[in-house]
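A.B. asks: Following this message is one structure expressed as structure tokens.
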Amino acid sequence: MSKDVIRSLKGVAVRHYKNTEDYVTETMPEPDRVYLPCVQHMGAPCTPVVKVGDLVKVGQLVADCEKPFSSPIYSSVSGKVAAIEDFINPQGIRTQSVVIEADHQQELSETIAPPEVTDTASFLKAVRSSGLVGLGGAGFPTHIKLSLRDPAKVDTLVINIAECEPYITSDYRNVMEDGPDIIEGIDLVRKYVGKIENVYIGVEDNKPKAIQRLQVLTQGKPYIKVFPMRSQYPKGAEKVLIYETTGRVVGDGMIPADVGVIVMNGTSIAFLAQYIRTGIPLISKRITVDGSAVTTPKNIQVPLGTRFVDIIQFCGGYKQEPKKMLMGGPMMGITIFNDNYPLIKNNNALLCFGEAETKAIPESACIRCGRCVRACPFQLMPAAIDKAYRARDAEKLKALYVGRCMECGCCSYVCPAKRNLVLTNRLAKGFLREISSK
Amino acid sequence: MSQVSQSDQTRQHLVVMPSPHIKDRATTSSVMLDVLIALAPTIIASAFLFGPRTLLLTAVCVACCAGFEYLFCMVTKRENTIRDLSACVTGVILAMNLPVSFPIWMAVIGCFAAIVITKELFGGIGQNFANPALVGRIVLFVSFAKYMTDWNTSGGLVVASATPLGMLASGSTELPSYLQLFLGLKGGVLGETCILTLLIGGIYLVWRKVITPTIPLVYIGTVFVLCFLLGADPLYHILSGGLFLGAIFMATDYTTSPVTEKGKAIFAVGCGLITVIIRLYGSYAEGVSFAILLMNIITPHIDNLTRQVPFGGVQKK
Ligand code: SF4
Ligand code: SF4
């Protein structure tokens with residue numbers, strides 16, 4: 001498949017707001033307390049393996065689960081377990097949270113040692129122990145993604161450095177600061193997983209320096225292709241990225257491995273290399289802190305479990321009264337209703353906005369302009385879905401394939417009538433689930 | 001949730017709302033404003049071509065359309081929507097469909113038919129089955145045929161007593177030249193004559209992404225090809241009558257044209273076909289309004305037949 005073939009799905013040209021792209025990552029010192037929720041990933045929740053009063057060290061296991069589809073959680077500080085309390089995450093899932101009072105010694109746990117990796121099984125075991133989950137998205141446990149049903153079929157690895165969400169620059173900083181780790185990680189995955197022949201690194205072309213650096217780093221590795229993509233949201237969406245780099249279509253109910261592809265986020269793959277080298281599990285995360293309500297926007301390496309209020313403190317505090325706080329970017333990020341939440345594994349940005357950006361523009365009637373239809377990367381028809389949902393027409397909703405909507409937000413973004421089309425799609429999906437469960 | 005140790009001040013009650021959290025600048029009113037801007041050159045041109053009464057008629061239609069919408073919203077206790085400017089667009093387009101000598105009070109009736117009957121009674125913006133301005137025009141045409149076809153001019157650059165299509169139908173030998181047709185030096189309703197300014201407006205709309213070029217291109221193209229095949233003068237036909245006005249500003253009405261590009265193409269071919277049939281074989285010299293109206297009515301069916309195939313294909317049942 002030649003690289004010259006231009007395959008492109010639709011999308012929208014959003015303003016980039018990459019204000020922090022030249023900000024070198026600062027390391028945030030550990031806060032007085034960290035809060036480690038037992039659900040930081042997709043899959044089975046962990047249960048605490050420590051008790052109140054226990055002394056823990058950096059990198060020590062604090063919560064785990066025997067089920068394979070899960071991911072262990074490690075302490076990001078050394079100190080004492082102060083509490084194990086109830087916690088409701090922003091998606092409304094009730095779980096527990098291990099609260100650790102830091103002693104500021106940051107003593108490393110004795111258990112930390114580079115894992116012994118000799119074959120696929122030991123590699124996957126190491127990946128599970130690292131606590132790694134998809135750092136760019138939904139927090140899918142990486143070892144599950146890499147455990148292939150049919151290893152011979154998987155011939156392509158796609159590294160996602162599109163970073164198409166506005167504001168966020170943490171993946172870009174990862175390339176600039178830890179670029180060699182990305183390449184090392186790619187080689188590890190190639191060695192132990194599937195029969196990978198081609199590696200594509202998808203980068204949006206609004207990051208020319210990253211593209212250049214990756215091209216330099218991949219010299220002499222003909223199987224790795226740096227793949228610049230037109231910067232148009234949402235190039236980083238998994239199915240979009242796979243289609244544009246490889247031309248393969250991931251259909252309903254399929255996972256990328258079904259079409260022979262594994263997609264990994266650039267930061268995840270770099271972490272993997274670091275873990276295999278050092279044995280230090282996932283205990284901190286590089287995030288972008290930005291938005292009109294933040295005094296000094298930064299890229300920072302933050303211990304997991306640090307509350308947002310502490311992170312903001314490190315970034316000079318609030319510049320104006322915060323009204324809206326987002327985990328993730330402005331297109332798909334979720335709002336959180338107070339700043340007491342801790343940072344978890346798959347956060348890659350914390351954005352705070354003041355009054356001006358928070359005002360909801362009232363919805364008005366659909367004028368049938370067709371912009372949403374022209375914007376949808378999956379060629380759905382949001383305006384028709386909106387109408388069908390208002391009529392609660394389940395048949396029509398199915399015929400319009402609302403289930404394929406990835407909630408990327410392009411339709412709501414372009415709608416001149418400011419209709420909350422994404423919300424409608426989400427509700428419509430719930431409505432269909434409800435109907436079919438009856 | 002019980003969070004201990006809240007020594008430092010935390011912010012509670014932040015706003016929770018659905019993503020996305022940034023939106024494009026375009027709003028319904030900005031889109032409508034773009035349409036008004038696109039119509040401006042044509043209004044100015046017809047003021048020169050047909051004299052200052054153009055401006056009076058336009059102003060009356062805009063005021064009446066906005067006024068009727070305001071009153072209707074007030075009476076039915078609906079949210080007042082005149083700020084979205086769509087009523088103003090209807091007003092201008094309706095005015096552009098009247099001859100210069102048209103009586104004011106009749107124009108007011110046209111506005112009533114457009115806004116109250118066609119638009120608001122069917123649920124307001126986005127809900128009407130036919131283009132309001134078009135229905136207004138047809139109501140006036142049917143009710144006051146004599147006034148709607150009074151092509152006598154005074155006060156402007158145009159000296160005419162018939163439209164080019166009328167002249168063609170009556171077998172006149174002194175037909176205007178292509179250049180005259182293009183510049184608008186011919187009889188007709190206010191907005192249809194100056195092809196030059198209509199084109200400028202159309203290009204502006206495409207550039208601003210308010211419309212896609214599909215409908216105007218396919219519509220005008222269909223008329224051209226059909227006239228050629230049927231032995232009529234294709235250039236004369238596309239430059240005469242309301243084709244450009246209709247194809248650029250009326251057939252592209254969002255509410256009453258299909259959403260997908262494929263649907264738009266089918267719609268436009270239909271418009272072209274009906275226009276040519278009426279013009280060449282019907283009893284009217286002009287067929288644009290009826291063609292668009294008929295296609296408006298079948299738009300929902302075209303929409304159903306031309307759904308986009310989603311990424312990932314259609315599932316076999
Ligand atoms: S319908 Fe879904 S997939 Fe399509 S643009 Fe809207 S949110 Fe994105
Ligand atoms: S973008 Fe908004 S106004 Fe336009 S068709 Fe879609 S829902 Fe309707």
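Residues in the structure tokens are numbered from 1 in each chain, the chains being A, B, ... in the order shown, and ligands are numbered from 1 in the order shown.
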Show me which residues are within 7 Å of ligand 2 counting only C-alpha atoms and all ligand atoms, and format the list as an MDAnalysis selection string.
C.D. replies: chainID A and resid 365:373 382:383 411 414:419 421
A.B. asks: Give me the residues within 10 Å of range 76-86 of chain A as a VMD selection string, counting only C-alpha atoms and dropping any in the same chain fewer than 6 places off.
C.D. replies: (chain A and resid 29 to 38 48 50 to 62 94 to 109 281 to 284 302 to 306) or (chain B and resid 1 to 4)
A.B. asks: Here is a test: counting only C-alpha atoms and all ligand atoms, which residue of A:Ile385, A:Val261, A:Cys405, A:Ile269 is nearest to ligand 1?
C.D. replies: A:Cys405
A.B. asks: Counting only C-alpha atoms, what is within 6 Å of range 16-25 of chain B, bar same-chain residues fewer than 6 positions away, as number ranges by chain?
C.D. replies: A: 330-332, 335, 409, 413-414
A.B. asks: Could you name the residues that touch Glu116 in chain A at 9 Å or less, counting only C-alpha atoms, but leaving out those on the same chain fewer than 6 positions away, as a PyMOL selection string?
C.D. replies: chain A and resi 122-123+126+276
A.B. asks: May I ask which of the residues B:Met32, B:Leu273, B:Phe311, B:Leu85 is the closest one to ligand 1, counting only C-alpha atoms and all ligand atoms?
C.D. replies: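 Looking only at the distances to ligand 1, the closest residue turns out to be B:Phe311.
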A.B. asks: Kindly compile the residues surrounding ligand 1 within 8 Å, counting only C-alpha atoms and all ligand atoms, and format them as a VMD selection string.
C.D. replies: chain A and resid 11 372 to 373 375 to 382 402 404 to 412 421 to 422 425
A.B. asks: Counting only C-alpha atoms, what are the residues of range 271-295 of chain B within 8 Å of range 210-223 of chain B, and for each of them which pair of atoms is the nearest and at what distance in Å, to one decimal? Sort the table by chain and rising number, as a tab-separated table.
C.D. replies:
```
residue	atom	partner	partner_atom	distance
B:Cys271	CA	B:Tyr219	CA	6.3
B:Gly272	CA	B:Val223	CA	5.0
B:Leu273	CA	B:Val223	CA	6.8
B:Thr275	CA	B:Val223	CA	7.3
B:Val276	CA	B:Val223	CA	6.1
```
A.B. asks: Keeping only C-alpha atoms, write those residues as a JSON list (two decimals), in the first residue's frame.
C.D. replies:
```json
[["chain", "number", "residue", "atom", "x", "y", "z"],
["B", 271, "CYS", "CA", -35.65, 21.28, -11.23],
["B", 272, "GLY", "CA", -33.89, 21.64, -14.57],
["B", 273, "LEU", "CA", -36.07, 19.08, -16.24],
["B", 275, "THR", "CA", -38.15, 24.12, -15.91],
["B", 276, "VAL", "CA", -37.34, 23.19, -19.49]]
```
A.B. asks: For a test of reading the model, state the distance in Å between CA of Asn97 in chain B and CA of Tyr178 in chain B, rounded to one decimal.
C.D. replies: 21.6 Å
A.B. asks: CA of Ser257 in chain B to CA of Val12 in chain A: how many Å, to one decimal?
C.D. replies: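 Interatomic distance here is 23.3 Å.
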A.B. asks: Excluding Glu174 in chain B and any residue of its chain fewer than 5 positions from it, enumerate the residues within 10 Å of it, using only C-alpha atoms, and give them as a PyMOL selection string.
C.D. replies: chain B and resi 164+167-168
A.B. asks: Hey, what does DSSP flag as alpha helix (DSSP H) within range 31-225 of chain B? Can you give it to me as an MDAnalysis selection string?
C.D. replies: chainID B and resid 31:50 53:75 86:96 104:112 132:143 145:148 164:169 178:183 195:207 214:225
A.B. asks: How would the residues just chosen look if you wrote them out with C-alpha atoms as an mmCIF file, in the first residue's frame?
C.D. replies:
```
data_model
loop_
_atom_site.group_PDB
_atom_site.id
_atom_site.type_symbol
_atom_site.label_atom_id
_atom_site.label_comp_id
_atom_site.auth_asym_id
_atom_site.auth_seq_id
_atom_site.Cartn_x
_atom_site.Cartn_y
_atom_site.Cartn_z
ATOM 1 C CA VAL B 31 -25.394 32.315 7.841
ATOM 2 C CA MET B 32 -28.491 34.372 7.006
ATOM 3 C CA LEU B 33 -26.440 37.546 7.090
ATOM 4 C CA ASP B 34 -24.147 35.996 4.497
ATOM 5 C CA VAL B 35 -27.150 35.354 2.278
ATOM 6 C CA LEU B 36 -28.207 38.983 2.653
ATOM 7 C CA ILE B 37 -24.690 40.124 1.783
ATOM 8 C CA ALA B 38 -24.761 37.881 -1.272
ATOM 9 C CA LEU B 39 -28.056 39.447 -2.335
ATOM 10 C CA ALA B 40 -26.841 43.020 -1.874
ATOM 11 C CA PRO B 41 -25.161 43.436 -5.295
ATOM 12 C CA THR B 42 -28.338 42.253 -6.967
ATOM 13 C CA ILE B 43 -30.486 44.695 -5.000
ATOM 14 C CA ILE B 44 -28.152 47.534 -5.935
ATOM 15 C CA ALA B 45 -28.063 46.472 -9.579
ATOM 16 C CA SER B 46 -31.830 46.339 -9.818
ATOM 17 C CA ALA B 47 -32.124 49.745 -8.204
ATOM 18 C CA PHE B 48 -30.103 51.058 -11.144
ATOM 19 C CA LEU B 49 -31.863 48.915 -13.702
ATOM 20 C CA PHE B 50 -35.416 49.523 -12.563
ATOM 21 C CA ARG B 53 -38.927 51.903 -6.458
ATOM 22 C CA THR B 54 -36.886 48.684 -6.167
ATOM 23 C CA LEU B 55 -35.632 49.808 -2.810
ATOM 24 C CA LEU B 56 -39.094 50.699 -1.604
ATOM 25 C CA LEU B 57 -40.491 47.287 -2.543
ATOM 26 C CA THR B 58 -37.541 45.512 -0.930
ATOM 27 C CA ALA B 59 -37.842 47.514 2.260
ATOM 28 C CA VAL B 60 -41.576 46.848 2.481
ATOM 29 C CA CYS B 61 -41.137 43.102 1.969
ATOM 30 C CA VAL B 62 -38.356 42.830 4.530
ATOM 31 C CA ALA B 63 -40.310 44.854 7.077
ATOM 32 C CA CYS B 64 -43.492 42.863 6.499
ATOM 33 C CA CYS B 65 -41.799 39.469 6.668
ATOM 34 C CA ALA B 66 -39.991 40.356 9.878
ATOM 35 C CA GLY B 67 -43.139 41.990 11.238
ATOM 36 C CA PHE B 68 -45.381 39.027 10.469
ATOM 37 C CA GLU B 69 -42.909 36.654 12.073
ATOM 38 C CA TYR B 70 -42.676 38.845 15.143
ATOM 39 C CA LEU B 71 -46.463 39.081 15.454
ATOM 40 C CA PHE B 72 -46.932 35.375 14.864
ATOM 41 C CA CYS B 73 -44.398 34.490 17.529
ATOM 42 C CA MET B 74 -46.068 36.919 19.899
ATOM 43 C CA VAL B 75 -49.582 35.632 19.295
ATOM 44 C CA SER B 86 -34.233 34.277 8.043
ATOM 45 C CA ALA B 87 -37.417 36.326 7.674
ATOM 46 C CA CYS B 88 -35.367 39.175 6.227
ATOM 47 C CA VAL B 89 -33.874 36.809 3.679
ATOM 48 C CA THR B 90 -37.366 35.676 2.711
ATOM 49 C CA GLY B 91 -38.416 39.316 2.397
ATOM 50 C CA VAL B 92 -35.553 40.217 0.083
ATOM 51 C CA ILE B 93 -35.984 37.146 -2.084
ATOM 52 C CA LEU B 94 -39.713 37.734 -2.374
ATOM 53 C CA ALA B 95 -39.086 41.344 -3.383
ATOM 54 C CA MET B 96 -36.580 40.163 -5.975
ATOM 55 C CA ILE B 104 -47.348 47.624 -2.316
ATOM 56 C CA TRP B 105 -50.480 46.219 -0.685
ATOM 57 C CA MET B 106 -50.308 43.151 -2.857
ATOM 58 C CA ALA B 107 -46.691 42.638 -1.836
ATOM 59 C CA VAL B 108 -47.855 42.671 1.774
ATOM 60 C CA ILE B 109 -50.201 39.793 0.986
ATOM 61 C CA GLY B 110 -47.300 37.914 -0.564
ATOM 62 C CA CYS B 111 -45.292 38.362 2.630
ATOM 63 C CA PHE B 112 -48.207 37.044 4.659
ATOM 64 C CA PRO B 132 -41.632 30.598 1.733
ATOM 65 C CA ALA B 133 -40.583 33.255 -0.763
ATOM 66 C CA LEU B 134 -41.447 30.924 -3.583
ATOM 67 C CA VAL B 135 -44.938 30.222 -2.282
ATOM 68 C CA GLY B 136 -45.388 33.948 -1.750
ATOM 69 C CA ARG B 137 -44.453 34.517 -5.366
ATOM 70 C CA ILE B 138 -46.740 31.803 -6.662
ATOM 71 C CA VAL B 139 -49.684 33.026 -4.577
ATOM 72 C CA LEU B 140 -49.198 36.500 -6.009
ATOM 73 C CA PHE B 141 -48.738 35.145 -9.502
ATOM 74 C CA VAL B 142 -51.941 33.176 -9.341
ATOM 75 C CA SER B 143 -53.946 35.908 -7.620
ATOM 76 C CA ALA B 145 -51.393 37.634 -12.682
ATOM 77 C CA LYS B 146 -51.892 40.932 -14.455
ATOM 78 C CA TYR B 147 -49.719 42.873 -12.036
ATOM 79 C CA MET B 148 -47.170 40.129 -11.731
ATOM 80 C CA PRO B 164 -36.891 37.888 -22.979
ATOM 81 C CA LEU B 165 -38.702 34.583 -22.515
ATOM 82 C CA GLY B 166 -42.035 36.247 -23.254
ATOM 83 C CA MET B 167 -40.548 37.728 -26.382
ATOM 84 C CA LEU B 168 -39.255 34.347 -27.388
ATOM 85 C CA ALA B 169 -42.645 32.743 -26.801
ATOM 86 C CA TYR B 178 -26.408 37.793 -24.757
ATOM 87 C CA LEU B 179 -24.505 40.692 -23.243
ATOM 88 C CA GLN B 180 -27.704 42.580 -22.536
ATOM 89 C CA LEU B 181 -29.105 39.442 -20.940
ATOM 90 C CA PHE B 182 -25.988 38.992 -18.838
ATOM 91 C CA LEU B 183 -25.929 42.542 -17.572
ATOM 92 C CA ILE B 195 -26.827 37.617 -14.087
ATOM 93 C CA LEU B 196 -23.519 39.267 -13.261
ATOM 94 C CA THR B 197 -24.484 40.246 -9.714
ATOM 95 C CA LEU B 198 -26.309 36.959 -9.110
ATOM 96 C CA LEU B 199 -23.127 35.137 -10.034
ATOM 97 C CA ILE B 200 -21.079 37.315 -7.698
ATOM 98 C CA GLY B 201 -23.552 36.493 -4.917
ATOM 99 C CA GLY B 202 -23.385 32.797 -5.713
ATOM 100 C CA ILE B 203 -19.605 32.738 -5.663
ATOM 101 C CA TYR B 204 -19.649 34.567 -2.336
ATOM 102 C CA LEU B 205 -22.018 31.962 -0.863
ATOM 103 C CA VAL B 206 -19.859 29.088 -2.053
ATOM 104 C CA TRP B 207 -16.701 30.797 -0.796
ATOM 105 C CA THR B 214 -23.982 21.417 -6.538
ATOM 106 C CA ILE B 215 -27.519 22.742 -6.928
ATOM 107 C CA PRO B 216 -26.774 25.867 -8.993
ATOM 108 C CA LEU B 217 -24.308 24.086 -11.269
ATOM 109 C CA VAL B 218 -26.417 21.014 -11.869
ATOM 110 C CA TYR B 219 -29.638 22.990 -12.244
ATOM 111 C CA ILE B 220 -28.241 25.459 -14.758
ATOM 112 C CA GLY B 221 -26.275 22.710 -16.472
ATOM 113 C CA THR B 222 -29.379 20.561 -16.872
ATOM 114 C CA VAL B 223 -31.328 23.431 -18.426
ATOM 115 C CA PHE B 224 -28.441 24.159 -20.770
ATOM 116 C CA VAL B 225 -28.047 20.578 -21.941
#
```
A.B. asks: When you count only C-alpha atoms, which of these residues is closest to chain B: A:Gly134, A:Gly354, A:Gly430, A:Pro228?
C.D. replies: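 So, comparing all the options, the nearest one is A:Gly354.
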A.B. asks: Would you compute the distance between CA of Asn299 in chain A and CA of Ala356 in chain A? Give it in Å to one decimal.
C.D. replies: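 Going from CA of Asn299 in chain A over to CA of Ala356 in chain A, I get 23.7 Å.
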A.B. asks: Let me make sure I understand: among B:Met295, B:Ala162, B:Leu98, B:Val259, which one has the smallest atom-to-atom distance to chain A if we use only C-alpha atoms?
C.D. replies: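 Comparing B:Met295, B:Ala162, B:Leu98, B:Val259 against chain A, the winner is B:Val259.
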